[in-house]
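Structure data (compact mmCIF, C-alpha atoms (C1' of nucleotides)) from final_27.txt:
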# COMPACT_ATOMS: atom_id res chain seq x y z
CA MET A 1 37.67 35.00 12.08
CA SER A 2 34.72 35.34 9.81
CA GLY A 3 35.36 35.23 6.08
CA LYS A 4 37.89 32.50 6.12
CA GLY A 5 36.77 30.42 9.08
CA ARG A 6 33.42 29.90 7.51
CA SER A 7 34.25 27.85 4.46
CA SER A 8 36.49 25.59 6.46
CA VAL A 9 33.77 24.96 9.00
CA ALA A 10 31.36 24.23 6.18
CA ALA A 11 33.91 21.93 4.58
CA ARG A 12 34.38 20.06 7.81
CA ARG A 13 30.66 19.77 8.18
CA ARG A 14 30.34 18.22 4.74
CA HIS A 15 32.99 15.80 5.88
CA HIS A 16 31.23 14.94 9.10
CA ALA A 17 27.72 14.32 7.83
CA PRO A 18 28.50 10.86 6.40
CA VAL A 19 29.96 9.79 9.73
CA PHE A 20 26.85 10.90 11.60
CA ALA A 21 24.70 9.20 8.99
CA ALA A 22 26.69 6.00 9.37
CA LEU A 23 26.01 6.03 13.09
CA GLY A 24 22.36 6.87 12.58
CA ASP A 25 21.13 3.30 12.55
CA ASP A 26 20.64 0.79 15.34
CA THR A 27 22.24 -2.09 13.52
CA ARG A 28 25.34 -0.13 12.64
CA LEU A 29 25.57 1.26 16.15
CA SER A 30 25.58 -2.32 17.41
CA LEU A 31 28.33 -3.26 15.01
CA VAL A 32 30.40 -0.33 16.18
CA ALA A 33 29.78 -1.32 19.78
CA VAL A 34 31.18 -4.76 19.07
CA LEU A 35 34.13 -3.65 16.97
CA CYS A 36 35.29 -0.91 19.31
CA GLY A 37 35.91 -3.76 21.76
CA GLY A 38 39.19 -4.18 19.96
CA GLN A 39 38.92 -7.60 18.41
CA PRO A 40 38.61 -7.66 14.61
CA ARG A 41 35.67 -9.73 13.45
CA SER A 42 34.59 -11.44 10.28
CA ILE A 43 31.28 -10.80 8.58
CA SER A 44 29.97 -14.17 9.70
CA GLN A 45 30.87 -13.47 13.28
CA LEU A 46 29.20 -10.10 13.12
CA THR A 47 26.11 -11.66 11.60
CA GLU A 48 25.70 -14.11 14.48
CA GLY A 49 23.20 -12.88 17.00
CA SER A 50 21.51 -10.64 14.48
CA ARG A 51 18.16 -11.36 12.90
CA LEU A 52 19.40 -9.96 9.62
CA THR A 53 21.01 -11.88 6.81
CA ARG A 54 24.71 -11.83 6.15
CA GLN A 55 24.15 -9.61 3.11
CA ALA A 56 22.33 -7.01 5.13
CA ILE A 57 25.13 -6.93 7.67
CA THR A 58 27.64 -6.68 4.84
CA LYS A 59 25.86 -3.64 3.48
CA HIS A 60 25.89 -1.99 6.88
CA LEU A 61 29.58 -2.70 7.21
CA ARG A 62 30.25 -1.11 3.84
CA VAL A 63 28.39 2.00 4.96
CA LEU A 64 30.54 2.16 8.08
CA GLU A 65 33.62 1.59 5.97
CA SER A 66 32.73 4.37 3.54
CA ALA A 67 32.46 6.72 6.47
CA GLY A 68 35.84 5.49 7.68
CA VAL A 69 34.47 4.25 10.97
CA VAL A 70 35.69 0.73 10.30
CA HIS A 71 38.28 -0.73 8.04
CA SER A 72 38.34 -4.16 6.42
CA VAL A 73 41.17 -6.46 5.50
CA ARG A 74 40.83 -9.68 3.64
CA SER A 75 42.47 -12.54 5.45
CA GLY A 76 42.22 -15.86 3.70
CA ARG A 77 38.61 -16.64 3.06
CA GLU A 78 37.27 -14.12 5.50
CA SER A 79 37.37 -10.35 5.61
CA LEU A 80 38.08 -8.91 9.00
CA PHE A 81 36.68 -5.62 10.13
CA ARG A 82 38.40 -3.47 12.67
CA PHE A 83 37.35 -0.25 14.31
CA ASP A 84 39.02 3.04 13.37
CA PRO A 85 38.75 5.74 16.04
CA GLU A 86 39.63 8.71 13.82
CA PRO A 87 36.27 9.72 12.34
CA ILE A 88 34.50 9.41 15.65
CA GLY A 89 37.21 11.45 17.27
CA GLU A 90 36.61 14.14 14.69
CA ILE A 91 32.88 14.33 15.15
CA LYS A 92 33.39 14.43 18.89
CA GLU A 93 35.52 17.50 18.37
CA TYR A 94 32.89 18.97 16.13
CA LEU A 95 30.20 18.38 18.72
CA ASP A 96 32.43 20.04 21.27
CA LEU A 97 32.53 23.08 19.02
CA VAL A 98 28.76 23.11 18.78
CA SER A 99 28.41 22.81 22.54
CA ALA A 100 30.98 25.52 23.11
CA GLN A 101 29.15 27.84 20.77
CA TRP A 102 25.93 27.21 22.64
CA ASP A 103 27.55 27.77 26.02
CA GLU A 104 28.99 31.06 24.82
CA ALA A 105 25.57 32.12 23.64
CA LEU A 106 24.10 31.29 27.03
CA ALA A 107 26.83 33.22 28.76
CA ARG A 108 26.21 36.25 26.57
CA LEU A 109 22.52 36.06 27.29
CA LYS A 110 23.14 35.82 31.00
CA ARG A 111 25.44 38.81 30.93
CA PHE A 112 22.87 40.73 28.98
CA VAL A 113 20.05 39.93 31.40
CA GLU A 114 22.10 40.76 34.44
CA ASN A 115 22.98 44.24 33.19
CA MET B 1 30.45 -5.61 34.02
CA SER B 2 28.99 -7.80 31.33
CA GLY B 3 25.54 -9.27 31.81
CA LYS B 4 23.72 -6.28 33.17
CA GLY B 5 25.44 -3.36 31.50
CA ARG B 6 24.57 -4.74 28.12
CA SER B 7 20.87 -4.24 27.81
CA SER B 8 21.07 -0.71 29.12
CA VAL B 9 23.75 0.09 26.61
CA ALA B 10 21.58 -1.37 23.87
CA ALA B 11 18.63 0.66 25.08
CA ARG B 12 20.67 3.83 25.05
CA ARG B 13 21.88 2.99 21.59
CA ARG B 14 18.34 2.68 20.28
CA HIS B 15 17.77 6.09 21.75
CA HIS B 16 20.82 7.64 20.16
CA ALA B 17 20.47 6.43 16.60
CA PRO B 18 17.79 9.00 15.65
CA VAL B 19 19.99 11.80 16.91
CA PHE B 20 22.94 10.63 14.84
CA ALA B 21 20.63 10.22 11.86
CA ALA B 22 19.32 13.75 12.33
CA LEU B 23 22.87 15.07 12.20
CA GLY B 24 23.74 12.92 9.23
CA ASP B 25 22.85 15.49 6.61
CA ASP B 26 24.66 18.60 5.44
CA THR B 27 21.59 20.78 5.41
CA ARG B 28 20.60 19.83 8.92
CA LEU B 29 24.14 20.19 10.15
CA SER B 30 24.08 23.75 8.78
CA LEU B 31 20.83 24.46 10.56
CA VAL B 32 22.27 23.20 13.80
CA ALA B 33 25.36 25.34 13.27
CA VAL B 34 23.17 28.40 12.98
CA LEU B 35 20.82 27.59 15.83
CA CYS B 36 23.51 26.66 18.33
CA GLY B 37 24.58 30.29 18.01
CA GLY B 38 21.89 31.01 20.54
CA GLN B 39 19.44 33.15 18.64
CA PRO B 40 16.09 31.50 17.84
CA ARG B 41 15.19 31.76 14.18
CA SER B 42 12.07 31.52 12.07
CA ILE B 43 11.69 29.14 9.17
CA SER B 44 11.95 31.99 6.68
CA GLN B 45 15.16 33.21 8.26
CA LEU B 46 16.59 29.73 8.17
CA THR B 47 15.60 29.35 4.56
CA GLU B 48 17.48 32.47 3.49
CA GLY B 49 20.85 31.60 2.09
CA SER B 50 19.78 28.07 1.23
CA ARG B 51 19.04 26.86 -2.27
CA LEU B 52 16.21 24.76 -0.96
CA THR B 53 12.59 25.76 -0.68
CA ARG B 54 10.96 26.73 2.57
CA GLN B 55 9.13 23.40 2.66
CA ALA B 56 12.31 21.43 2.38
CA ILE B 57 13.86 23.39 5.21
CA THR B 58 10.71 22.87 7.23
CA LYS B 59 10.98 19.13 6.78
CA HIS B 60 14.60 19.16 7.89
CA LEU B 61 13.63 21.17 10.94
CA ARG B 62 10.95 18.63 11.80
CA VAL B 63 13.52 15.86 11.59
CA LEU B 64 15.78 17.74 13.97
CA GLU B 65 12.82 18.39 16.23
CA SER B 66 11.82 14.72 16.31
CA ALA B 67 15.31 13.90 17.44
CA GLY B 68 15.03 16.58 20.10
CA VAL B 69 17.96 18.55 18.75
CA VAL B 70 15.83 21.65 18.26
CA HIS B 71 12.57 22.80 19.68
CA SER B 72 9.96 25.03 18.06
CA VAL B 73 7.56 27.56 19.50
CA ARG B 74 4.91 29.39 17.56
CA SER B 75 5.13 33.12 18.03
CA GLY B 76 2.54 35.10 16.16
CA ARG B 77 2.71 34.29 12.52
CA GLU B 78 6.11 32.71 12.71
CA SER B 79 7.44 29.61 14.42
CA LEU B 80 10.76 30.03 16.12
CA PHE B 81 13.27 27.25 16.42
CA ARG B 82 15.79 27.08 19.20
CA PHE B 83 18.64 24.70 19.83
CA ASP B 84 18.43 22.11 22.60
CA PRO B 85 21.80 20.86 23.86
CA GLU B 86 20.53 17.73 25.62
CA PRO B 87 20.52 15.11 22.85
CA ILE B 88 23.88 16.18 21.56
CA GLY B 89 25.26 16.05 25.06
CA GLU B 90 24.02 12.50 25.33
CA ILE B 91 25.56 11.27 22.13
CA LYS B 92 28.81 12.92 23.10
CA GLU B 93 28.78 10.85 26.25
CA TYR B 94 28.01 7.78 24.23
CA LEU B 95 30.91 8.46 21.89
CA ASP B 96 33.13 8.91 24.91
CA LEU B 97 32.10 5.42 26.00
CA VAL B 98 32.97 4.02 22.62
CA SER B 99 36.34 5.74 22.65
CA ALA B 100 37.03 4.58 26.17
CA GLN B 101 36.23 1.01 25.22
CA TRP B 102 38.61 1.26 22.29
CA ASP B 103 41.38 2.74 24.41
CA GLU B 104 40.99 -0.05 26.94
CA ALA B 105 41.25 -2.58 24.18
CA LEU B 106 44.44 -0.97 22.95
CA ALA B 107 45.86 -0.93 26.44
CA ARG B 108 45.08 -4.62 26.87
CA LEU B 109 46.72 -5.40 23.59
CA LYS B 110 49.79 -3.46 24.52
CA ARG B 111 50.06 -5.21 27.86
CA PHE B 112 49.68 -8.55 26.11
CA VAL B 113 52.36 -7.81 23.57
CA GLU B 114 54.79 -6.56 26.15
CA ASN B 115 54.56 -9.71 28.23
C1' DA C 1 -10.46 46.34 4.88
C1' DG C 2 -6.92 44.75 1.83
C1' DA C 3 -2.28 43.48 0.75
C1' DA C 4 1.75 41.15 2.24
C1' DA C 5 4.32 37.84 5.10
C1' DA C 6 4.86 33.39 7.47
C1' DG C 7 3.37 28.88 7.74
C1' DG C 8 0.73 24.41 7.46
C1' DC C 9 -1.11 20.57 4.66
C1' DA C 10 -1.38 17.35 1.01
C1' DA C 11 -0.24 15.18 -3.27
C1' DC C 12 3.50 13.78 -6.05
C1' DA C 13 7.84 12.29 -7.85
C1' DA C 14 12.52 10.84 -7.75
C1' DA C 15 16.10 8.86 -5.34
C1' DA C 16 18.24 6.43 -1.61
C1' DA C 17 18.12 3.01 2.10
C1' DG C 18 17.37 -1.42 3.94
C1' DG C 19 16.66 -6.27 3.11
C1' DT C 20 16.05 -10.61 0.69
C1' DT C 21 17.19 -14.38 -2.47
C1' DG C 22 20.03 -16.95 -5.67
C1' DC C 23 24.28 -18.03 -7.55
C1' DA C 24 29.23 -17.91 -8.48
C1' DG C 25 34.10 -17.63 -6.66
C1' DT C 26 37.85 -18.73 -3.30
C1' DA C 27 39.84 -20.83 0.82
C1' DT C 28 39.87 -24.59 4.16
C1' DT C 29 39.38 -28.98 5.92
C1' DC C 30 39.03 -34.09 5.78
C1' DG D 1 39.40 -33.92 -4.65
C1' DA D 2 35.07 -33.25 -2.43
C1' DA D 3 32.50 -31.17 0.87
C1' DT D 4 32.27 -27.06 3.70
C1' DA D 5 32.90 -22.13 5.05
C1' DC D 6 33.15 -17.25 4.07
C1' DT D 7 32.30 -13.91 0.77
C1' DG D 8 31.17 -11.13 -3.36
C1' DC D 9 27.86 -9.74 -6.96
C1' DA D 10 23.55 -8.69 -8.96
C1' DA D 11 18.64 -8.40 -9.41
C1' DC D 12 14.60 -7.10 -7.05
C1' DC D 13 11.31 -5.31 -3.87
C1' DT D 14 9.52 -2.24 -0.29
C1' DT D 15 9.84 1.64 2.61
C1' DT D 16 11.90 6.16 3.70
C1' DT D 17 13.85 10.33 2.54
C1' DT D 18 14.26 14.47 0.14
C1' DG D 19 12.33 17.98 -2.46
C1' DT D 20 8.80 20.29 -5.24
C1' DT D 21 4.43 22.59 -6.28
C1' DG D 22 -0.16 24.38 -5.28
C1' DC D 23 -3.50 26.04 -2.25
C1' DC D 24 -5.43 27.58 2.12
C1' DT D 25 -5.18 29.78 6.93
C1' DT D 26 -3.48 33.03 10.15
C1' DT D 27 -0.97 37.35 11.35
C1' DT D 28 0.74 41.82 10.49
C1' DC D 29 1.19 46.10 8.41
C1' DT D 30 -0.84 50.28 6.01
Show me the file's structure as structure tokens.
Amino acid sequence: MSGKGRSSVAARRRHHAPVFAALGDDTRLSLVAVLCGGQPRSISQLTEGSRLTRQAITKHLRVLESAGVVHSVRSGRESLFRFDPEPIGEIKEYLDLVSAQWDEALARLKRFVEN
Amino acid sequence: MSGKGRSSVAARRRHHAPVFAALGDDTRLSLVAVLCGGQPRSISQLTEGSRLTRQAITKHLRVLESAGVVHSVRSGRESLFRFDPEPIGEIKEYLDLVSAQWDEALARLKRFVEN
DNA sequence: AGAAAAGGCAACAAAAAGGTTGCAGTATTC
DNA sequence: GAATACTGCAACCTTTTTGTTGCCTTTTCT
């Protein structure tokens, strides 16, 4: 598990970075917090309660959409955004890998010190 | 669970965004992947195998350090960076919250449809 | 002591991010 | 059909990010 595993891990990483980046902003994190509540919302609805303009919110939503965190569907005159759990599920798994690797390292160190 | 939980969630969110942002870059994700292996590394070591200059890597390391994801200690002529699991543990918890909220929403929807 | 290695600092430049404003295009509603 | 809502597009501006280069300081090794 060295030669082959590596490129796939790197590939996954390249895939995950945009998701982390999408979540790396207060405004977008707020939007996600609202949308993961289940109810699809229009841009106007999502703009309410924010000090930003509708356009700014739209841009943030497009960033989230590019990362796959949300998904939009046009319905009549409004476009509804809904949460998509997949990408976040994937980065959670990735973070679990990172944590696991760290825990292993700690365990090795402990074993080493105790002997 | 509505009026009070909210502000604390928002506060936590403000705290998490920089961590997500720090992870939202391929180069930094690679650095984290190396450092979570347990062994502290110097800037020069971390620069090896990258096409970027030492300065660029240094900047990325400072970003990670500001987010608390890594921690540096000067040792002689080199400064060693080590991984810190705390911030990543926190955002994992946060993502669990998001997922849980989504799952609840799905459950509610299902119950509603079935009745 | 002198050469080599590891870093820090600062100035720059190019590119991306975050926001705003203004205007045009569709749906809805009365 | 006219007014109203909800968006999309594009131009622009400012601030951050990302990366480079050059030079100087501190350690280490011989």
After a least-squares superposition on chain A using every in-order C-alpha pair, I'd like chain B written out as a compact mmCIF listing (two decimals) with C-alpha atoms, keeping the file's coordinate frame.
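Now in selection-v9.txt:
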# COMPACT_ATOMS: atom_id res chain seq x y z
CA MET B 1 36.53 35.19 13.63
CA SER B 2 33.79 35.39 11.07
CA GLY B 3 34.69 35.64 7.40
CA LYS B 4 37.43 33.09 7.21
CA GLY B 5 36.44 30.52 9.79
CA ARG B 6 33.18 29.95 8.02
CA SER B 7 34.11 28.13 4.88
CA SER B 8 36.43 25.79 6.72
CA VAL B 9 33.69 24.98 9.16
CA ALA B 10 31.34 24.30 6.27
CA ALA B 11 33.95 22.10 4.63
CA ARG B 12 34.42 20.13 7.81
CA ARG B 13 30.69 19.78 8.12
CA ARG B 14 30.40 18.28 4.66
CA HIS B 15 33.04 15.84 5.77
CA HIS B 16 31.28 14.91 8.98
CA ALA B 17 27.77 14.30 7.72
CA PRO B 18 28.54 10.83 6.30
CA VAL B 19 30.00 9.76 9.62
CA PHE B 20 26.92 10.88 11.52
CA ALA B 21 24.75 9.17 8.91
CA ALA B 22 26.73 5.96 9.30
CA LEU B 23 26.07 6.01 13.03
CA GLY B 24 22.43 6.85 12.54
CA ASP B 25 21.20 3.29 12.52
CA ASP B 26 20.69 0.80 15.33
CA THR B 27 22.26 -2.09 13.50
CA ARG B 28 25.37 -0.15 12.63
CA LEU B 29 25.60 1.28 16.10
CA SER B 30 25.60 -2.31 17.40
CA LEU B 31 28.35 -3.26 15.00
CA VAL B 32 30.43 -0.34 16.14
CA ALA B 33 29.81 -1.30 19.76
CA VAL B 34 31.20 -4.74 19.07
CA LEU B 35 34.14 -3.66 16.96
CA CYS B 36 35.32 -0.90 19.27
CA GLY B 37 35.96 -3.72 21.74
CA GLY B 38 39.23 -4.17 19.94
CA GLN B 39 38.94 -7.61 18.42
CA PRO B 40 38.60 -7.71 14.62
CA ARG B 41 35.65 -9.78 13.49
CA SER B 42 34.55 -11.54 10.33
CA ILE B 43 31.25 -10.90 8.63
CA SER B 44 29.90 -14.26 9.78
CA GLN B 45 30.84 -13.51 13.37
CA LEU B 46 29.18 -10.14 13.16
CA THR B 47 26.08 -11.69 11.68
CA GLU B 48 25.65 -14.12 14.56
CA GLY B 49 23.15 -12.83 17.05
CA SER B 50 21.48 -10.60 14.48
CA ARG B 51 18.14 -11.32 12.88
CA LEU B 52 19.40 -9.97 9.61
CA THR B 53 21.01 -11.93 6.82
CA ARG B 54 24.71 -11.92 6.16
CA GLN B 55 24.18 -9.72 3.11
CA ALA B 56 22.37 -7.09 5.09
CA ILE B 57 25.14 -7.01 7.65
CA THR B 58 27.66 -6.80 4.85
CA LYS B 59 25.91 -3.76 3.45
CA HIS B 60 25.90 -2.07 6.84
CA LEU B 61 29.60 -2.80 7.19
CA ARG B 62 30.26 -1.22 3.81
CA VAL B 63 28.41 1.89 4.91
CA LEU B 64 30.55 2.09 8.02
CA GLU B 65 33.63 1.49 5.91
CA SER B 66 32.74 4.26 3.46
CA ALA B 67 32.50 6.62 6.38
CA GLY B 68 35.88 5.41 7.59
CA VAL B 69 34.51 4.18 10.89
CA VAL B 70 35.71 0.65 10.24
CA HIS B 71 38.29 -0.83 7.98
CA SER B 72 38.33 -4.28 6.39
CA VAL B 73 41.15 -6.62 5.49
CA ARG B 74 40.77 -9.88 3.66
CA SER B 75 42.40 -12.73 5.51
CA GLY B 76 42.11 -16.07 3.80
CA ARG B 77 38.52 -16.87 3.17
CA GLU B 78 37.20 -14.31 5.57
CA SER B 79 37.32 -10.53 5.65
CA LEU B 80 38.05 -9.02 9.01
CA PHE B 81 36.68 -5.71 10.11
CA ARG B 82 38.41 -3.53 12.63
CA PHE B 83 37.37 -0.29 14.25
CA ASP B 84 39.04 2.99 13.29
CA PRO B 85 38.80 5.72 15.93
CA GLU B 86 39.68 8.66 13.67
CA PRO B 87 36.31 9.68 12.21
CA ILE B 88 34.57 9.39 15.53
CA GLY B 89 37.28 11.45 17.13
CA GLU B 90 36.67 14.12 14.54
CA ILE B 91 32.94 14.32 15.01
CA LYS B 92 33.46 14.46 18.74
CA GLU B 93 35.60 17.52 18.21
CA TYR B 94 32.96 18.98 15.97
CA LEU B 95 30.28 18.41 18.58
CA ASP B 96 32.52 20.07 21.13
CA LEU B 97 32.60 23.10 18.85
CA VAL B 98 28.85 23.14 18.63
CA SER B 99 28.51 22.87 22.39
CA ALA B 100 31.09 25.57 22.93
CA GLN B 101 29.25 27.89 20.58
CA TRP B 102 26.04 27.25 22.47
CA ASP B 103 27.66 27.85 25.84
CA GLU B 104 29.10 31.13 24.60
CA ALA B 105 25.69 32.17 23.43
CA LEU B 106 24.24 31.39 26.83
CA ALA B 107 26.99 33.32 28.54
CA ARG B 108 26.34 36.33 26.32
CA LEU B 109 22.67 36.16 27.06
CA LYS B 110 23.30 35.98 30.75
CA ARG B 111 25.63 38.95 30.65
CA PHE B 112 23.04 40.88 28.68
CA VAL B 113 20.25 40.10 31.09
CA GLU B 114 22.31 40.98 34.11
CA ASN B 115 23.18 44.42 32.81
Which is closest to chain A among C:DA1, C:DA14, C:DA27, C:DA6, if we use all atoms listed in the file?
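The closest residue to chain A is C:DA27.
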Mind listing whatever residues come within 9 Å of the point (23.1, 10.6, 5.1)? Use all atoms listed in the file, file coordinates, and give them as a PyMOL selection string.
(chain A and resi 17-22+24) or (chain B and resi 21-26)
Rows by chain and residue number, chain B within 9 Å of chain D, shortest pair, all atoms listed in the file, as a Markdown table:
| residue | atom | partner | partner_atom | distance |
| --- | --- | --- | --- | --- |
| B:Leu52 | CA | D:DG19 | C1' | 8.0 |
| B:Thr53 | CA | D:DG19 | C1' | 8.0 |
| B:Gln55 | CA | D:DG19 | C1' | 8.1 |
| B:Ala56 | CA | D:DG19 | C1' | 5.9 |
| B:Lys59 | CA | D:DT18 | C1' | 8.8 |
| B:Gly76 | CA | D:DT27 | C1' | 6.4 |
| B:Arg77 | CA | D:DT27 | C1' | 4.9 |
| B:Glu78 | CA | D:DT27 | C1' | 8.6 |
Kindly assemble as a Markdown table a list of the region 65-100 of chain A residues that lie within 12 Å of region 33-50 of chain B, each paired with its nearest atom pair and their distance in Å to one decimal, using all atoms listed in the file, sorted first by chain and then by ascending residue number.
| residue | atom | partner | partner_atom | distance |
| --- | --- | --- | --- | --- |
| A:Tyr94 | CA | B:Ala33 | CA | 10.3 |
| A:Leu95 | CA | B:Ala33 | CA | 10.1 |
| A:Asp96 | CA | B:Cys36 | CA | 11.5 |
| A:Leu97 | CA | B:Ala33 | CA | 9.5 |
| A:Val98 | CA | B:Cys36 | CA | 6.4 |
| A:Ser99 | CA | B:Cys36 | CA | 7.5 |
| A:Ala100 | CA | B:Cys36 | CA | 8.9 |
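For the pair CA of Lys92 (chain A) and CA of Val73 (chain A), the interatomic distance is 26.0 Å.
Across the model, the gap from CA of Pro85 (chain B) to CA of Arg111 (chain A) is 19.6 Å.
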Just to confirm, what's the straight-line distance from CA of Trp102 (chain A) to CA of Phe83 (chain B) in Å (one decimal)?
8.2 Å
Within 9 Å of chain A, which residues of chain C come that close, and what is the closest atom pair and distance in Å for each? Count all atoms listed in the file and give it as a Markdown table.
| residue | atom | partner | partner_atom | distance |
| --- | --- | --- | --- | --- |
| C:DG18 | C1' | A:Ala56 | CA | 7.6 |
| C:DG19 | C1' | A:Ala56 | CA | 6.1 |
| C:DT20 | C1' | A:Thr53 | CA | 8.0 |
| C:DT26 | C1' | A:Arg77 | CA | 6.7 |
| C:DA27 | C1' | A:Arg77 | CA | 4.9 |
| C:DT28 | C1' | A:Arg77 | CA | 8.1 |
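Those DNA, RNA and protein residues that approach the point (37.3, 6.2, 9.9) to within 10 Å, considering all atoms listed in the file, are Val19, Leu64, Glu65, Ser66, Ala67, Gly68, Val69, Val70, His71, Phe83, Asp84, Pro85, Glu86, Pro87, Ile88, Gly89 and Glu90 of chain A.
Between Phe81 (chain A) and the residues A:Arg54, A:His15, A:Arg62, A:Lys110, the shortest atom-to-atom distance, using only C-alpha atoms, involves A:Arg62.
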Find, counting all atoms listed in the file, the residue in A:Arg82, A:Ala105, A:Phe112, A:Arg12 that gets nearest to chain B.
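Closest candidate: A:Ala105.
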Draw an axis-aligned box over all listed atoms of region 15-29 of chain D, pad each side with 4 Å, and write its centre and edge lengths in Å, one decimal, as JSON.
{"center_x": 4.4, "center_y": 23.9, "center_z": 2.5, "size_x": 27.7, "size_y": 52.5, "size_z": 25.6}
Return the single residue from A:Arg51, A:Ser72, A:Gln101, A:Val113 that is closest to chain B, with distances computed using only C-alpha atoms.
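Distance minimum relative to chain B lands on A:Gln101.
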So which one's closest to chain B, A:Leu80, A:Leu31, A:Ala10, A:Val63? Using all atoms listed in the file, please.
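Among the listed residues, the smallest separation from chain B belongs to A:Ala10.
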Counting all atoms listed in the file, which of A:Thr58, A:Glu93, A:Glu114, A:Ser79 gets nearest to chain B?
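Between A:Thr58, A:Glu93, A:Glu114, A:Ser79, the residue approaching chain B most closely is A:Glu93.
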